[in-house]
file coords.pdb (PDB, C-alpha atoms)
ATOM      1  CA  MET A   1      13.430 -49.018 -23.483
ATOM      2  CA  ASP A   2      13.031 -47.402 -26.892
ATOM      3  CA  ILE A   3      11.377 -43.996 -27.290
ATOM      4  CA  VAL A   4       9.447 -42.676 -30.284
ATOM      5  CA  ILE A   5       8.429 -38.994 -30.235
ATOM      6  CA  ILE A   6       5.402 -37.930 -32.296
ATOM      7  CA  GLY A   7       4.915 -34.246 -33.129
ATOM      8  CA  GLY A   8       3.054 -32.044 -35.560
ATOM      9  CA  PHE A   9       0.553 -29.216 -35.569
ATOM     10  CA  LEU A  10      -2.976 -29.262 -34.155
ATOM     11  CA  GLY A  11      -5.355 -31.669 -35.863
ATOM     12  CA  GLY A  12      -2.776 -33.377 -38.049
ATOM     13  CA  GLY A  13      -3.725 -36.910 -37.027
ATOM     14  CA  LYS A  14      -1.125 -37.707 -34.362
ATOM     15  CA  THR A  15      -3.401 -39.933 -32.292
ATOM     16  CA  THR A  16      -4.469 -41.956 -35.332
ATOM     17  CA  LEU A  17      -0.811 -42.453 -36.227
ATOM     18  CA  LEU A  18      -0.062 -43.336 -32.602
ATOM     19  CA  ASN A  19      -2.735 -46.043 -32.562
ATOM     20  CA  HIS A  20      -1.277 -47.481 -35.765
ATOM     21  CA  LEU A  21       2.221 -47.617 -34.236
ATOM     22  CA  VAL A  22       0.941 -49.162 -31.014
ATOM     23  CA  SER A  23      -0.785 -51.911 -33.012
ATOM     24  CA  GLU A  24       2.390 -52.505 -35.008
ATOM     25  CA  ALA A  25       4.442 -52.806 -31.827
ATOM     26  CA  VAL A  26       2.001 -55.313 -30.338
ATOM     27  CA  ALA A  27       2.071 -57.324 -33.588
ATOM     28  CA  GLN A  28       5.868 -57.504 -33.242
ATOM     29  CA  GLY A  29       5.503 -58.995 -29.785
ATOM     30  CA  LEU A  30       6.535 -55.829 -27.956
ATOM     31  CA  GLN A  31       5.025 -54.264 -24.847
ATOM     32  CA  PRO A  32       4.251 -50.594 -25.671
ATOM     33  CA  ALA A  33       3.395 -47.707 -23.359
ATOM     34  CA  VAL A  34       2.219 -44.166 -24.118
ATOM     35  CA  ILE A  35       2.829 -40.684 -22.751
ATOM     36  CA  MET A  36       0.317 -38.196 -24.103
ATOM     37  CA  ASN A  37       0.395 -34.428 -23.713
ATOM     38  CA  GLU A  38      -2.789 -32.349 -23.938
ATOM     39  CA  PHE A  39      -2.443 -28.578 -23.905
ATOM     40  CA  GLY A  40      -5.925 -28.268 -22.401
ATOM     41  CA  LYS A  41      -7.313 -29.050 -18.960
ATOM     42  CA  GLN A  42      -8.526 -32.539 -19.757
ATOM     43  CA  SER A  43      -7.467 -35.210 -22.209
ATOM     44  CA  VAL A  44      -9.616 -36.112 -25.192
ATOM     45  CA  ASP A  45      -7.273 -38.347 -27.154
ATOM     46  CA  GLY A  46      -6.446 -40.494 -24.136
ATOM     47  CA  GLN A  47      -9.956 -41.945 -24.389
ATOM     48  CA  LEU A  48      -9.103 -43.193 -27.897
ATOM     49  CA  ILE A  49      -6.123 -45.346 -26.865
ATOM     50  CA  ASP A  50      -6.473 -49.054 -26.146
ATOM     51  CA  GLN A  51      -7.206 -49.170 -22.424
ATOM     52  CA  LYS A  52      -4.912 -52.187 -22.015
ATOM     53  CA  ILE A  53      -1.880 -50.068 -22.947
ATOM     54  CA  PRO A  54      -0.120 -48.284 -20.050
ATOM     55  CA  LEU A  55      -0.889 -44.586 -20.523
ATOM     56  CA  ASN A  56       0.373 -41.528 -18.654
ATOM     57  CA  GLU A  57      -1.187 -38.173 -19.503
ATOM     58  CA  LEU A  58       0.248 -34.679 -19.063
ATOM     59  CA  THR A  59      -2.434 -31.997 -19.216
ATOM     60  CA  GLU A  60      -2.781 -28.236 -18.740
ATOM     61  CA  GLY A  61       0.532 -27.325 -20.261
ATOM     62  CA  CYS A  62       2.987 -27.964 -23.036
ATOM     63  CA  ILE A  63       5.420 -30.842 -22.930
ATOM     64  CA  CYS A  64       8.249 -28.773 -24.405
ATOM     65  CA  CYS A  65       8.137 -26.005 -21.798
ATOM     66  CA  ALA A  66       7.374 -26.164 -18.085
ATOM     67  CA  MET A  67       6.413 -29.845 -18.273
ATOM     68  CA  LYS A  68       9.773 -31.120 -19.553
ATOM     69  CA  ALA A  69      10.671 -32.398 -16.087
ATOM     70  CA  ASP A  70       7.372 -34.287 -15.981
ATOM     71  CA  VAL A  71       8.377 -36.181 -19.123
ATOM     72  CA  SER A  72      11.486 -37.528 -17.417
ATOM     73  CA  ASP A  73       9.482 -38.465 -14.322
ATOM     74  CA  GLN A  74       6.794 -40.230 -16.358
ATOM     75  CA  LEU A  75       9.344 -42.201 -18.378
ATOM     76  CA  HIS A  76      11.085 -43.317 -15.222
ATOM     77  CA  GLN A  77       7.797 -44.342 -13.598
ATOM     78  CA  LEU A  78       6.678 -46.289 -16.668
ATOM     79  CA  TYR A  79       9.961 -48.166 -16.602
ATOM     80  CA  LEU A  80       9.604 -49.013 -12.917
ATOM     81  CA  ASP A  81       5.959 -50.067 -13.214
ATOM     82  CA  TYR A  82       5.823 -51.878 -16.566
ATOM     83  CA  GLN A  83       9.300 -52.254 -18.130
ATOM     84  CA  PRO A  84       7.862 -51.536 -21.608
ATOM     85  CA  ASP A  85       9.908 -52.299 -24.699
ATOM     86  CA  ILE A  86       8.891 -49.060 -26.373
ATOM     87  CA  VAL A  87       7.285 -45.788 -25.240
ATOM     88  CA  PHE A  88       5.448 -43.510 -27.654
ATOM     89  CA  ILE A  89       5.371 -39.838 -26.622
ATOM     90  CA  GLU A  90       2.626 -37.849 -28.351
ATOM     91  CA  CYS A  91       3.363 -34.131 -28.075
ATOM     92  CA  SER A  92       0.659 -31.513 -27.959
ATOM     93  CA  GLY A  93      -0.116 -29.853 -31.263
ATOM     94  CA  ILE A  94       1.754 -26.698 -30.298
ATOM     95  CA  ALA A  95       4.898 -28.358 -28.923
ATOM     96  CA  GLU A  96       8.400 -28.110 -30.339
ATOM     97  CA  PRO A  97       9.459 -31.799 -30.376
ATOM     98  CA  LEU A  98      13.186 -31.084 -30.329
ATOM     99  CA  ALA A  99      12.815 -29.776 -26.784
ATOM    100  CA  VAL A 100      11.175 -33.079 -25.828
ATOM    101  CA  VAL A 101      14.305 -34.915 -26.985
ATOM    102  CA  ASP A 102      16.245 -32.976 -24.379
ATOM    103  CA  ALA A 103      13.749 -34.043 -21.700
ATOM    104  CA  CYS A 104      14.401 -37.702 -22.554
ATOM    105  CA  LEU A 105      18.160 -37.419 -22.116
ATOM    106  CA  THR A 106      18.476 -36.956 -18.374
ATOM    107  CA  PRO A 107      21.259 -38.972 -16.671
ATOM    108  CA  ILE A 108      18.786 -41.128 -14.763
ATOM    109  CA  LEU A 109      17.171 -42.313 -18.025
ATOM    110  CA  ALA A 110      20.294 -42.723 -20.139
ATOM    111  CA  PRO A 111      21.272 -46.238 -18.953
ATOM    112  CA  PHE A 112      18.022 -47.851 -20.118
ATOM    113  CA  THR A 113      16.532 -45.641 -22.847
ATOM    114  CA  SER A 114      17.217 -45.043 -26.539
ATOM    115  CA  ILE A 115      15.486 -42.495 -28.774
ATOM    116  CA  LYS A 116      14.591 -44.419 -31.927
ATOM    117  CA  HIS A 117      12.586 -41.976 -34.037
ATOM    118  CA  MET A 118      11.189 -38.472 -33.958
ATOM    119  CA  LEU A 119       8.137 -38.355 -36.197
ATOM    120  CA  GLY A 120       6.513 -35.246 -37.612
ATOM    121  CA  ILE A 121       3.022 -35.575 -39.035
ATOM    122  CA  VAL A 122       1.904 -33.014 -41.600
ATOM    123  CA  ASP A 123      -1.744 -32.258 -42.407
ATOM    124  CA  THR A 124      -2.040 -31.408 -46.098
ATOM    125  CA  GLN A 125      -5.284 -29.511 -45.458
ATOM    126  CA  MET A 126      -3.649 -27.332 -42.822
ATOM    127  CA  TYR A 127      -0.720 -26.678 -45.161
ATOM    128  CA  GLN A 128      -3.134 -25.568 -47.886
ATOM    129  CA  SER A 129      -4.402 -22.762 -45.626
ATOM    130  CA  LEU A 130      -1.100 -22.096 -43.830
ATOM    131  CA  LYS A 131      -0.703 -18.559 -45.179
ATOM    132  CA  SER A 132      -3.946 -17.547 -43.459
ATOM    133  CA  TYR A 133      -2.344 -18.192 -40.062
ATOM    134  CA  PRO A 134      -0.272 -15.594 -38.170
ATOM    135  CA  LYS A 135       3.440 -15.551 -38.957
ATOM    136  CA  ASP A 136       4.414 -17.092 -35.605
ATOM    137  CA  ILE A 137       2.067 -20.038 -36.196
ATOM    138  CA  GLN A 138       3.575 -20.550 -39.639
ATOM    139  CA  GLY A 139       6.995 -20.552 -37.997
ATOM    140  CA  LEU A 140       5.883 -23.118 -35.432
ATOM    141  CA  PHE A 141       4.518 -25.356 -38.218
ATOM    142  CA  TYR A 142       7.927 -25.533 -39.907
ATOM    143  CA  GLU A 143       9.937 -25.666 -36.676
ATOM    144  CA  GLN A 144       8.017 -28.771 -35.594
ATOM    145  CA  LEU A 145       9.175 -30.586 -38.727
ATOM    146  CA  SER A 146      12.716 -29.350 -39.233
ATOM    147  CA  HIS A 147      14.498 -31.787 -36.887
ATOM    148  CA  CYS A 148      12.439 -34.976 -37.314
ATOM    149  CA  SER A 149      13.933 -38.245 -38.475
ATOM    150  CA  HIS A 150      10.679 -39.136 -40.276
ATOM    151  CA  LEU A 151       7.945 -36.968 -41.783
ATOM    152  CA  PHE A 152       4.516 -38.299 -42.654
ATOM    153  CA  VAL A 153       2.335 -36.255 -45.030
ATOM    154  CA  ASN A 154      -1.176 -37.214 -43.960
ATOM    155  CA  LYS A 155      -4.660 -36.882 -45.486
ATOM    156  CA  ILE A 156      -3.407 -36.813 -49.075
ATOM    157  CA  ASP A 157      -6.844 -38.013 -50.186
ATOM    158  CA  LEU A 158      -8.371 -34.695 -49.089
ATOM    159  CA  THR A 159      -6.225 -32.314 -51.142
ATOM    160  CA  HIS A 160      -5.209 -31.887 -54.762
ATOM    161  CA  VAL A 161      -2.034 -33.666 -55.861
ATOM    162  CA  ASP A 162      -0.411 -30.300 -56.697
ATOM    163  CA  VAL A 163      -0.744 -29.200 -53.063
ATOM    164  CA  THR A 164       0.935 -32.373 -51.859
ATOM    165  CA  SER A 165       3.687 -31.994 -54.447
ATOM    166  CA  GLN A 166       4.454 -28.424 -53.342
ATOM    167  CA  LEU A 167       4.469 -29.489 -49.704
ATOM    168  CA  LEU A 168       6.951 -32.272 -50.420
ATOM    169  CA  LYS A 169       9.278 -29.794 -52.141
ATOM    170  CA  GLU A 170       9.221 -27.518 -49.096
ATOM    171  CA  LEU A 171       9.794 -30.394 -46.681
ATOM    172  CA  GLU A 172      12.844 -31.522 -48.651
ATOM    173  CA  ILE A 173      14.276 -28.039 -48.178
ATOM    174  CA  ILE A 174      13.571 -27.608 -44.463
ATOM    175  CA  ASN A 175      14.585 -31.181 -43.564
ATOM    176  CA  PRO A 176      16.555 -32.862 -46.368
ATOM    177  CA  GLU A 177      17.743 -35.700 -44.094
ATOM    178  CA  ALA A 178      14.266 -36.902 -43.123
ATOM    179  CA  ASP A 179      12.572 -40.033 -44.405
ATOM    180  CA  ILE A 180       9.454 -38.479 -45.993
ATOM    181  CA  GLN A 181       6.363 -40.619 -46.574
ATOM    182  CA  VAL A 182       2.860 -39.819 -47.783
ATOM    183  CA  GLY A 183      -0.392 -41.554 -47.005
ATOM    184  CA  MET A 184      -3.689 -41.575 -45.141
ATOM    185  CA  TYR A 185      -4.955 -42.444 -41.656
ATOM    186  CA  GLY A 186      -1.503 -42.263 -40.095
ATOM    187  CA  ARG A 187      -0.243 -45.433 -41.784
ATOM    188  CA  ILE A 188       3.459 -44.745 -41.676
ATOM    189  CA  THR A 189       6.034 -47.479 -42.317
ATOM    190  CA  LEU A 190       8.940 -47.657 -39.893
ATOM    191  CA  PRO A 191      11.866 -50.092 -39.655
ATOM    192  CA  LYS A 192      11.469 -53.008 -37.293
ATOM    193  CA  TYR A 193      12.520 -51.958 -33.838
ATOM    194  CA  THR A 194      16.088 -52.963 -32.989
ATOM    195  CA  LYS A 195      18.644 -51.973 -30.396
ATOM    196  CA  THR A 196      20.461 -49.543 -32.696
ATOM    197  CA  THR A 197      19.770 -45.827 -32.454
ATOM    198  CA  ASP A 198      18.573 -43.717 -35.361
ATOM    199  CA  ASN A 199      21.452 -41.481 -36.450
ATOM    200  CA  ASN A 200      19.250 -38.575 -37.501
ATOM    201  CA  VAL A 201      17.733 -38.376 -34.035
ATOM    202  CA  GLN A 202      21.189 -38.538 -32.493
ATOM    203  CA  MET A 203      22.210 -35.442 -34.400
ATOM    204  CA  THR A 204      19.345 -33.466 -32.876
ATOM    205  CA  LYS A 205      20.367 -34.205 -29.308
ATOM    206  CA  THR A 206      22.455 -31.066 -28.977
ATOM    207  CA  LYS A 207      20.721 -28.721 -26.605
ATOM    208  CA  ILE A 208      19.632 -25.548 -28.374
ATOM    209  CA  ASP A 209      18.431 -22.162 -27.238
ATOM    210  CA  HIS A 210      15.149 -21.142 -28.762
ATOM    211  CA  GLN A 211      12.319 -18.784 -28.038
ATOM    212  CA  SER A 212       8.985 -20.538 -27.765
ATOM    213  CA  LEU A 213       6.926 -20.089 -30.904
ATOM    214  CA  HIS A 214       3.597 -20.699 -29.218
ATOM    215  CA  LYS A 215       3.546 -18.127 -26.437
ATOM    216  CA  GLY A 216       0.436 -16.461 -27.842
ATOM    217  CA  ILE A 217      -1.675 -19.626 -27.977
ATOM    218  CA  HIS A 218      -4.123 -20.402 -25.200
ATOM    219  CA  HIS A 219      -6.853 -22.923 -24.495
ATOM    220  CA  GLN A 220     -10.367 -22.781 -23.118
ATOM    221  CA  TYR A 221     -11.968 -25.717 -21.337
ATOM    222  CA  ILE A 222     -15.764 -25.959 -21.622
ATOM    223  CA  ASP A 223     -17.313 -28.334 -19.094
ATOM    224  CA  VAL A 224     -20.683 -29.868 -20.151
ATOM    225  CA  PRO A 225     -20.668 -27.587 -23.166
ATOM    226  CA  VAL A 226     -24.156 -27.213 -24.674
ATOM    227  CA  LYS A 227     -27.617 -28.672 -24.902
ATOM    228  CA  CYS A 228     -28.500 -28.538 -28.564
ATOM    229  CA  THR A 229     -29.317 -30.533 -31.650
ATOM    230  CA  LYS A 230     -26.616 -31.853 -33.904
ATOM    231  CA  LEU A 231     -27.580 -29.386 -36.650
ATOM    232  CA  GLN A 232     -27.381 -26.435 -34.229
ATOM    233  CA  PHE A 233     -23.890 -27.492 -33.237
ATOM    234  CA  ILE A 234     -22.834 -27.741 -36.882
ATOM    235  CA  ASP A 235     -24.077 -24.176 -37.380
ATOM    236  CA  TYR A 236     -21.992 -23.164 -34.369
ATOM    237  CA  LEU A 237     -18.882 -24.783 -35.827
ATOM    238  CA  ASP A 238     -19.459 -22.999 -39.125
ATOM    239  CA  ALA A 239     -19.530 -19.680 -37.244
ATOM    240  CA  LEU A 240     -16.307 -20.173 -35.297
ATOM    241  CA  PRO A 241     -13.870 -17.267 -35.764
ATOM    242  CA  SER A 242     -10.494 -17.731 -37.429
ATOM    243  CA  ASN A 243      -8.601 -17.361 -34.144
ATOM    244  CA  ILE A 244      -9.914 -20.787 -33.059
ATOM    245  CA  TYR A 245      -7.390 -23.239 -34.511
ATOM    246  CA  ARG A 246      -8.583 -26.429 -32.884
ATOM    247  CA  MET A 247     -11.509 -27.900 -30.963
ATOM    248  CA  LYS A 248     -11.963 -31.411 -29.679
ATOM    249  CA  GLY A 249     -13.958 -33.182 -27.029
ATOM    250  CA  PHE A 250     -17.092 -35.207 -26.367
ATOM    251  CA  ILE A 251     -20.695 -34.028 -26.566
ATOM    252  CA  GLN A 252     -24.208 -35.435 -26.498
ATOM    253  CA  PHE A 253     -26.959 -33.902 -28.635
ATOM    254  CA  ILE A 254     -30.588 -33.725 -27.553
ATOM    255  CA  ASP A 255     -31.724 -35.368 -30.794
ATOM    256  CA  GLN A 256     -29.090 -38.144 -30.943
ATOM    257  CA  PRO A 257     -28.685 -41.286 -28.780
ATOM    258  CA  HIS A 258     -24.880 -41.460 -28.901
ATOM    259  CA  THR A 259     -21.949 -39.552 -27.488
ATOM    260  CA  TYR A 260     -20.037 -37.808 -30.281
ATOM    261  CA  LEU A 261     -16.323 -37.218 -30.627
ATOM    262  CA  VAL A 262     -15.771 -33.654 -31.864
ATOM    263  CA  GLN A 263     -12.732 -32.938 -34.044
ATOM    264  CA  TYR A 264     -12.451 -29.440 -35.515
ATOM    265  CA  MET A 265      -9.647 -27.670 -37.324
ATOM    266  CA  GLN A 266     -10.196 -24.349 -39.097
ATOM    267  CA  GLY A 267     -13.063 -24.871 -41.509
ATOM    268  CA  GLN A 268     -13.031 -28.680 -41.244
ATOM    269  CA  PHE A 269     -14.770 -30.844 -38.675
ATOM    270  CA  GLU A 270     -15.818 -34.394 -37.903
ATOM    271  CA  LEU A 271     -18.602 -35.499 -35.552
ATOM    272  CA  THR A 272     -18.177 -39.207 -34.928
ATOM    273  CA  PRO A 273     -20.550 -41.320 -32.800
ATOM    274  CA  VAL A 274     -18.594 -43.441 -30.344
ATOM    275  CA  ALA A 275     -19.466 -46.217 -27.925
ATOM    276  CA  PHE A 276     -17.493 -46.451 -24.703
ATOM    277  CA  LYS A 277     -17.593 -49.215 -22.115
ATOM    278  CA  LYS A 278     -17.631 -46.567 -19.389
ATOM    279  CA  GLU A 279     -19.315 -43.198 -19.154
ATOM    280  CA  VAL A 280     -17.277 -40.387 -20.650
ATOM    281  CA  PRO A 281     -17.728 -36.821 -19.382
ATOM    282  CA  GLN A 282     -18.876 -34.163 -21.832
ATOM    283  CA  TYR A 283     -16.451 -31.347 -22.464
ATOM    284  CA  LEU A 284     -14.799 -29.370 -25.237
ATOM    285  CA  VAL A 285     -11.276 -27.986 -25.441
ATOM    286  CA  LEU A 286     -10.719 -24.939 -27.659
ATOM    287  CA  ILE A 287      -7.203 -23.907 -28.680
ATOM    288  CA  GLY A 288      -6.385 -20.631 -30.380
ATOM    289  CA  LYS A 289      -5.294 -17.040 -29.948
ATOM    290  CA  ASN A 290      -7.052 -14.571 -27.651
ATOM    291  CA  ILE A 291     -10.003 -16.859 -27.041
ATOM    292  CA  GLN A 292     -12.499 -15.968 -24.343
ATOM    293  CA  TYR A 293     -15.287 -17.975 -22.750
ATOM    294  CA  ASP A 294     -17.627 -15.031 -23.377
ATOM    295  CA  ASP A 295     -17.008 -15.412 -27.119
ATOM    296  CA  TYR A 296     -18.059 -19.036 -26.866
ATOM    297  CA  ARG A 297     -21.265 -18.119 -24.979
ATOM    298  CA  GLN A 298     -22.123 -15.437 -27.517
ATOM    299  CA  LEU A 299     -21.834 -17.859 -30.421
ATOM    300  CA  CYS A 300     -23.944 -20.457 -28.638
ATOM    301  CA  ASN A 301     -26.630 -17.944 -27.772
ATOM    302  CA  SER A 302     -26.780 -16.835 -31.379
ATOM    303  CA  ASN A 303     -27.873 -20.365 -32.261
ATOM    304  CA  ASP A 304     -30.424 -20.523 -29.408
ATOM    305  CA  MET A 305     -28.329 -23.083 -27.592
ATOM    306  CA  GLU A 306     -28.639 -23.651 -23.876
ATOM    307  CA  ILE A 307     -25.278 -23.538 -22.127
ATOM    308  CA  GLY A 308     -24.598 -26.302 -19.641
ATOM    309  CA  TYR A 309     -22.512 -25.735 -16.499
TER     310      TYR A 309
END
call {"tool": "encode", "arguments": {"input": "coords.pdb", "output": "structure tokens"}}
result
Amino acid sequence: MDIVIIGGFLGGGKTTLLNHLVSEAVAQGLQPAVIMNEFGKQSVDGQLIDQKIPLNELTEGCICCAMKADVSDQLHQLYLDYQPDIVFIECSGIAEPLAVVDACLTPILAPFTSIKHMLGIVDTQMYQSLKSYPKDIQGLFYEQLSHCSHLFVNKIDLTHVDVTSQLLKELEIINPEADIQVGMYGRITLPKYTKTTDNNVQMTKTKIDHQSLHKGIHHQYIDVPVKCTKLQFIDYLDALPSNIYRMKGFIQFIDQPHTYLVQYMQGQFELTPVAFKKEVPQYLVLIGKNIQYDDYRQLCNSNDMEIGY
């Protein structure tokens, strides 16, 4: 059972890349499975994965910290239930993927698992504003990428070529051994899956001591978030403070017939109408530093929104 670990900072496009890799695996005649970690109380991205693919979700915590044991348990259970050829592990946006490697190397898993790749996805837009983040967040951004076997510089269509060029220079310094690719929509190119193990990943298997770089980050779960128009919600997003790094979830507007997928990352957002075969609950997950539910209510009230409970 091969394992591919996918890491990178909040909002970089990990789930889009994951869907691309799952499709590639299926096209190669393989049976894939997915383990997905959401830092918040409830999963958003799990709704965006093909429902035919075996999916285990780890929520309300970070996969590289207290939930490391859960990773081993989930991998073992997937093997017992489905015998997949390949398992994709999508880390939360604040995880340190190297610690996840350690979680995959327990004695019970060793006889039937092989870590093939550790992928780091890099958002060029986030990099462009990286210096506006606190120093510990900047450190986490680079730490997430420094041990990967492959790096994918995403969203190059949304930034100037000079920004991408500077980013590539920095990546070659922090991880000179990585296979670095650039592109859009998570379309990374990987070797065909074989039974050999990627040497770069093997070198990262040594257990290391490190202090968590994301101790100051918290999340806020908003159940049935607001009753408002789409324009009112856009005004709300424009007024979000800088300590909110990420927001995602599902919401229905009083002037729109569809459920919308919300994707927000400092100063940038997408509201995408989606059609699901089953009813999806409305909720938002906010991730940032020192965030309070009262702050959320105050912003909503300033736009004459009605809070739902």
call {"tool": "residues_around", "arguments": {"input": "coords.pdb", "residues": "Thr189 in chain A", "least_positions_apart": "2", "cutoff": "10 Å", "atoms": "only C-alpha atoms", "output": "list in words"}}
result
His20, Leu21, Glu24, His150, Phe152, Gln181, Val182, Gly183, Gly186, Arg187, Pro191 and Lys192 of chain A
call {"tool": "resolve_selection", "arguments": {"input": "coords.pdb", "expression": "the PyMOL selection byres ((chain A and resi 30) around 12)", "output": "short mmCIF file (atom, residue, chain, number, x, y, z; two decimals) with C-alpha atoms, in the coordinates of the input"}}
result
data_model
loop_
_atom_site.label_atom_id
_atom_site.label_comp_id
_atom_site.auth_asym_id
_atom_site.auth_seq_id
_atom_site.Cartn_x
_atom_site.Cartn_y
_atom_site.Cartn_z
CA MET A 1 13.43 -49.02 -23.48
CA ASP A 2 13.03 -47.40 -26.89
CA LEU A 21 2.22 -47.62 -34.24
CA VAL A 22 0.94 -49.16 -31.01
CA SER A 23 -0.78 -51.91 -33.01
CA GLU A 24 2.39 -52.50 -35.01
CA ALA A 25 4.44 -52.81 -31.83
CA VAL A 26 2.00 -55.31 -30.34
CA ALA A 27 2.07 -57.32 -33.59
CA GLN A 28 5.87 -57.50 -33.24
CA GLY A 29 5.50 -59.00 -29.78
CA GLN A 31 5.03 -54.26 -24.85
CA PRO A 32 4.25 -50.59 -25.67
CA ALA A 33 3.40 -47.71 -23.36
CA ILE A 53 -1.88 -50.07 -22.95
CA GLN A 83 9.30 -52.25 -18.13
CA PRO A 84 7.86 -51.54 -21.61
CA ASP A 85 9.91 -52.30 -24.70
CA ILE A 86 8.89 -49.06 -26.37
CA VAL A 87 7.28 -45.79 -25.24
CA LYS A 192 11.47 -53.01 -37.29
CA TYR A 193 12.52 -51.96 -33.84
CA THR A 194 16.09 -52.96 -32.99
#
call {"tool": "atom_distance", "arguments": {"input": "coords.pdb", "atom1": "CA of Ser129 in chain A", "atom2": "CA of Ile180 in chain A"}}
result
21.0 Å
call {"tool": "residues_around", "arguments": {"input": "coords.pdb", "residues": "Asn56 in chain A", "least_positions_apart": "3", "cutoff": "8 Å", "atoms": "only C-alpha atoms", "output": "list of chain:residue names"}}
result
A:Val34, A:Ile35, A:Met36, A:Gln74
call {"tool": "resolve_selection", "arguments": {"input": "coords.pdb", "expression": "the PyMOL selection byres ((chain A and resi 92) around 6)", "output": "PyMOL selection string"}}
result
chain A and resi 37-39+91+93-95
call {"tool": "atom_distance", "arguments": {"input": "coords.pdb", "atom1": "CA of Leu231 in chain A", "atom2": "CA of Asp255 in chain A"}}
result
9.3 Å
call {"tool": "residues_around", "arguments": {"input": "coords.pdb", "residues": "Gly7 in chain A", "least_positions_apart": "6", "cutoff": "7 Å", "atoms": "all atoms listed in the file", "output": "PyMOL selection string"}}
result
chain A and resi 90-91+93+97+119-121+144
call {"tool": "resolve_selection", "arguments": {"input": "coords.pdb", "expression": "the PyMOL selection byres ((chain A and resi 230) around 8)", "output": "PyMOL selection string"}}
result
chain A and resi 228-229+231-234+253-256
call {"tool": "write_last_selection", "arguments": {"input": "coords.pdb", "atoms": "C-alpha atoms", "output": "PDB file, keeping the file's coordinate frame"}}
result
ATOM      1  CA  CYS A 228     -28.500 -28.538 -28.564  1.00  0.00           C
ATOM      2  CA  THR A 229     -29.317 -30.533 -31.650  1.00  0.00           C
ATOM      3  CA  LEU A 231     -27.580 -29.386 -36.650  1.00  0.00           C
ATOM      4  CA  GLN A 232     -27.381 -26.435 -34.229  1.00  0.00           C
ATOM      5  CA  PHE A 233     -23.890 -27.492 -33.237  1.00  0.00           C
ATOM      6  CA  ILE A 234     -22.834 -27.741 -36.882  1.00  0.00           C
ATOM      7  CA  PHE A 253     -26.959 -33.902 -28.635  1.00  0.00           C
ATOM      8  CA  ILE A 254     -30.588 -33.725 -27.553  1.00  0.00           C
ATOM      9  CA  ASP A 255     -31.724 -35.368 -30.794  1.00  0.00           C
ATOM     10  CA  GLN A 256     -29.090 -38.144 -30.943  1.00  0.00           C
TER      11      GLN A 256
END
call {"tool": "closest_residue", "arguments": {"input": "coords.pdb", "among": "A:Leu271, A:Ile287, A:Ile174, A:Ile188", "to": "Pro241 in chain A", "atoms": "only C-alpha atoms"}}
result
A:Ile287
call {"tool": "closest_residue", "arguments": {"input": "coords.pdb", "among": "A:Leu240, A:Val285, A:Met184, A:Ile89", "to": "Asn154 in chain A", "atoms": "only C-alpha atoms"}}
result
A:Met184
call {"tool": "build_atoms", "arguments": {"input": "coords.pdb", "residues": "range 240-248 of chain A", "atoms": "N, CA, C and O atoms", "output": "PDB file, in the coordinates of the input"}}
result
ATOM      1  N   LEU A 240     -17.484 -20.409 -36.129  1.00  0.00           N
ATOM      2  CA  LEU A 240     -16.307 -20.173 -35.297  1.00  0.00           C
ATOM      3  C   LEU A 240     -15.361 -19.176 -35.958  1.00  0.00           C
ATOM      4  O   LEU A 240     -15.113 -19.251 -37.163  1.00  0.00           O
ATOM      5  N   PRO A 241     -14.789 -18.254 -35.193  1.00  0.00           N
ATOM      6  CA  PRO A 241     -13.870 -17.267 -35.764  1.00  0.00           C
ATOM      7  C   PRO A 241     -12.522 -17.901 -36.115  1.00  0.00           C
ATOM      8  O   PRO A 241     -12.178 -18.981 -35.653  1.00  0.00           O
ATOM      9  N   SER A 242     -11.756 -17.189 -36.913  1.00  0.00           N
ATOM     10  CA  SER A 242     -10.494 -17.731 -37.429  1.00  0.00           C
ATOM     11  C   SER A 242      -9.422 -17.873 -36.360  1.00  0.00           C
ATOM     12  O   SER A 242      -8.424 -18.557 -36.567  1.00  0.00           O
ATOM     13  N   ASN A 243      -9.610 -17.229 -35.194  1.00  0.00           N
ATOM     14  CA  ASN A 243      -8.601 -17.361 -34.144  1.00  0.00           C
ATOM     15  C   ASN A 243      -8.754 -18.658 -33.344  1.00  0.00           C
ATOM     16  O   ASN A 243      -7.946 -18.939 -32.469  1.00  0.00           O
ATOM     17  N   ILE A 244      -9.769 -19.456 -33.641  1.00  0.00           N
ATOM     18  CA  ILE A 244      -9.914 -20.787 -33.059  1.00  0.00           C
ATOM     19  C   ILE A 244      -9.267 -21.768 -34.029  1.00  0.00           C
ATOM     20  O   ILE A 244      -9.774 -22.019 -35.116  1.00  0.00           O
ATOM     21  N   TYR A 245      -8.127 -22.332 -33.628  1.00  0.00           N
ATOM     22  CA  TYR A 245      -7.390 -23.239 -34.511  1.00  0.00           C
ATOM     23  C   TYR A 245      -7.848 -24.684 -34.358  1.00  0.00           C
ATOM     24  O   TYR A 245      -7.763 -25.471 -35.311  1.00  0.00           O
ATOM     25  N   ARG A 246      -8.320 -25.016 -33.165  1.00  0.00           N
ATOM     26  CA  ARG A 246      -8.583 -26.429 -32.884  1.00  0.00           C
ATOM     27  C   ARG A 246      -9.667 -26.544 -31.826  1.00  0.00           C
ATOM     28  O   ARG A 246      -9.724 -25.741 -30.888  1.00  0.00           O
ATOM     29  N   MET A 247     -10.552 -27.537 -31.997  1.00  0.00           N
ATOM     30  CA  MET A 247     -11.509 -27.900 -30.963  1.00  0.00           C
ATOM     31  C   MET A 247     -11.637 -29.411 -30.965  1.00  0.00           C
ATOM     32  O   MET A 247     -11.663 -30.043 -32.020  1.00  0.00           O
ATOM     33  N   LYS A 248     -11.697 -29.983 -29.780  1.00  0.00           N
ATOM     34  CA  LYS A 248     -11.963 -31.411 -29.679  1.00  0.00           C
ATOM     35  C   LYS A 248     -12.611 -31.699 -28.340  1.00  0.00           C
ATOM     36  O   LYS A 248     -12.524 -30.896 -27.397  1.00  0.00           O
TER      37      LYS A 248
END
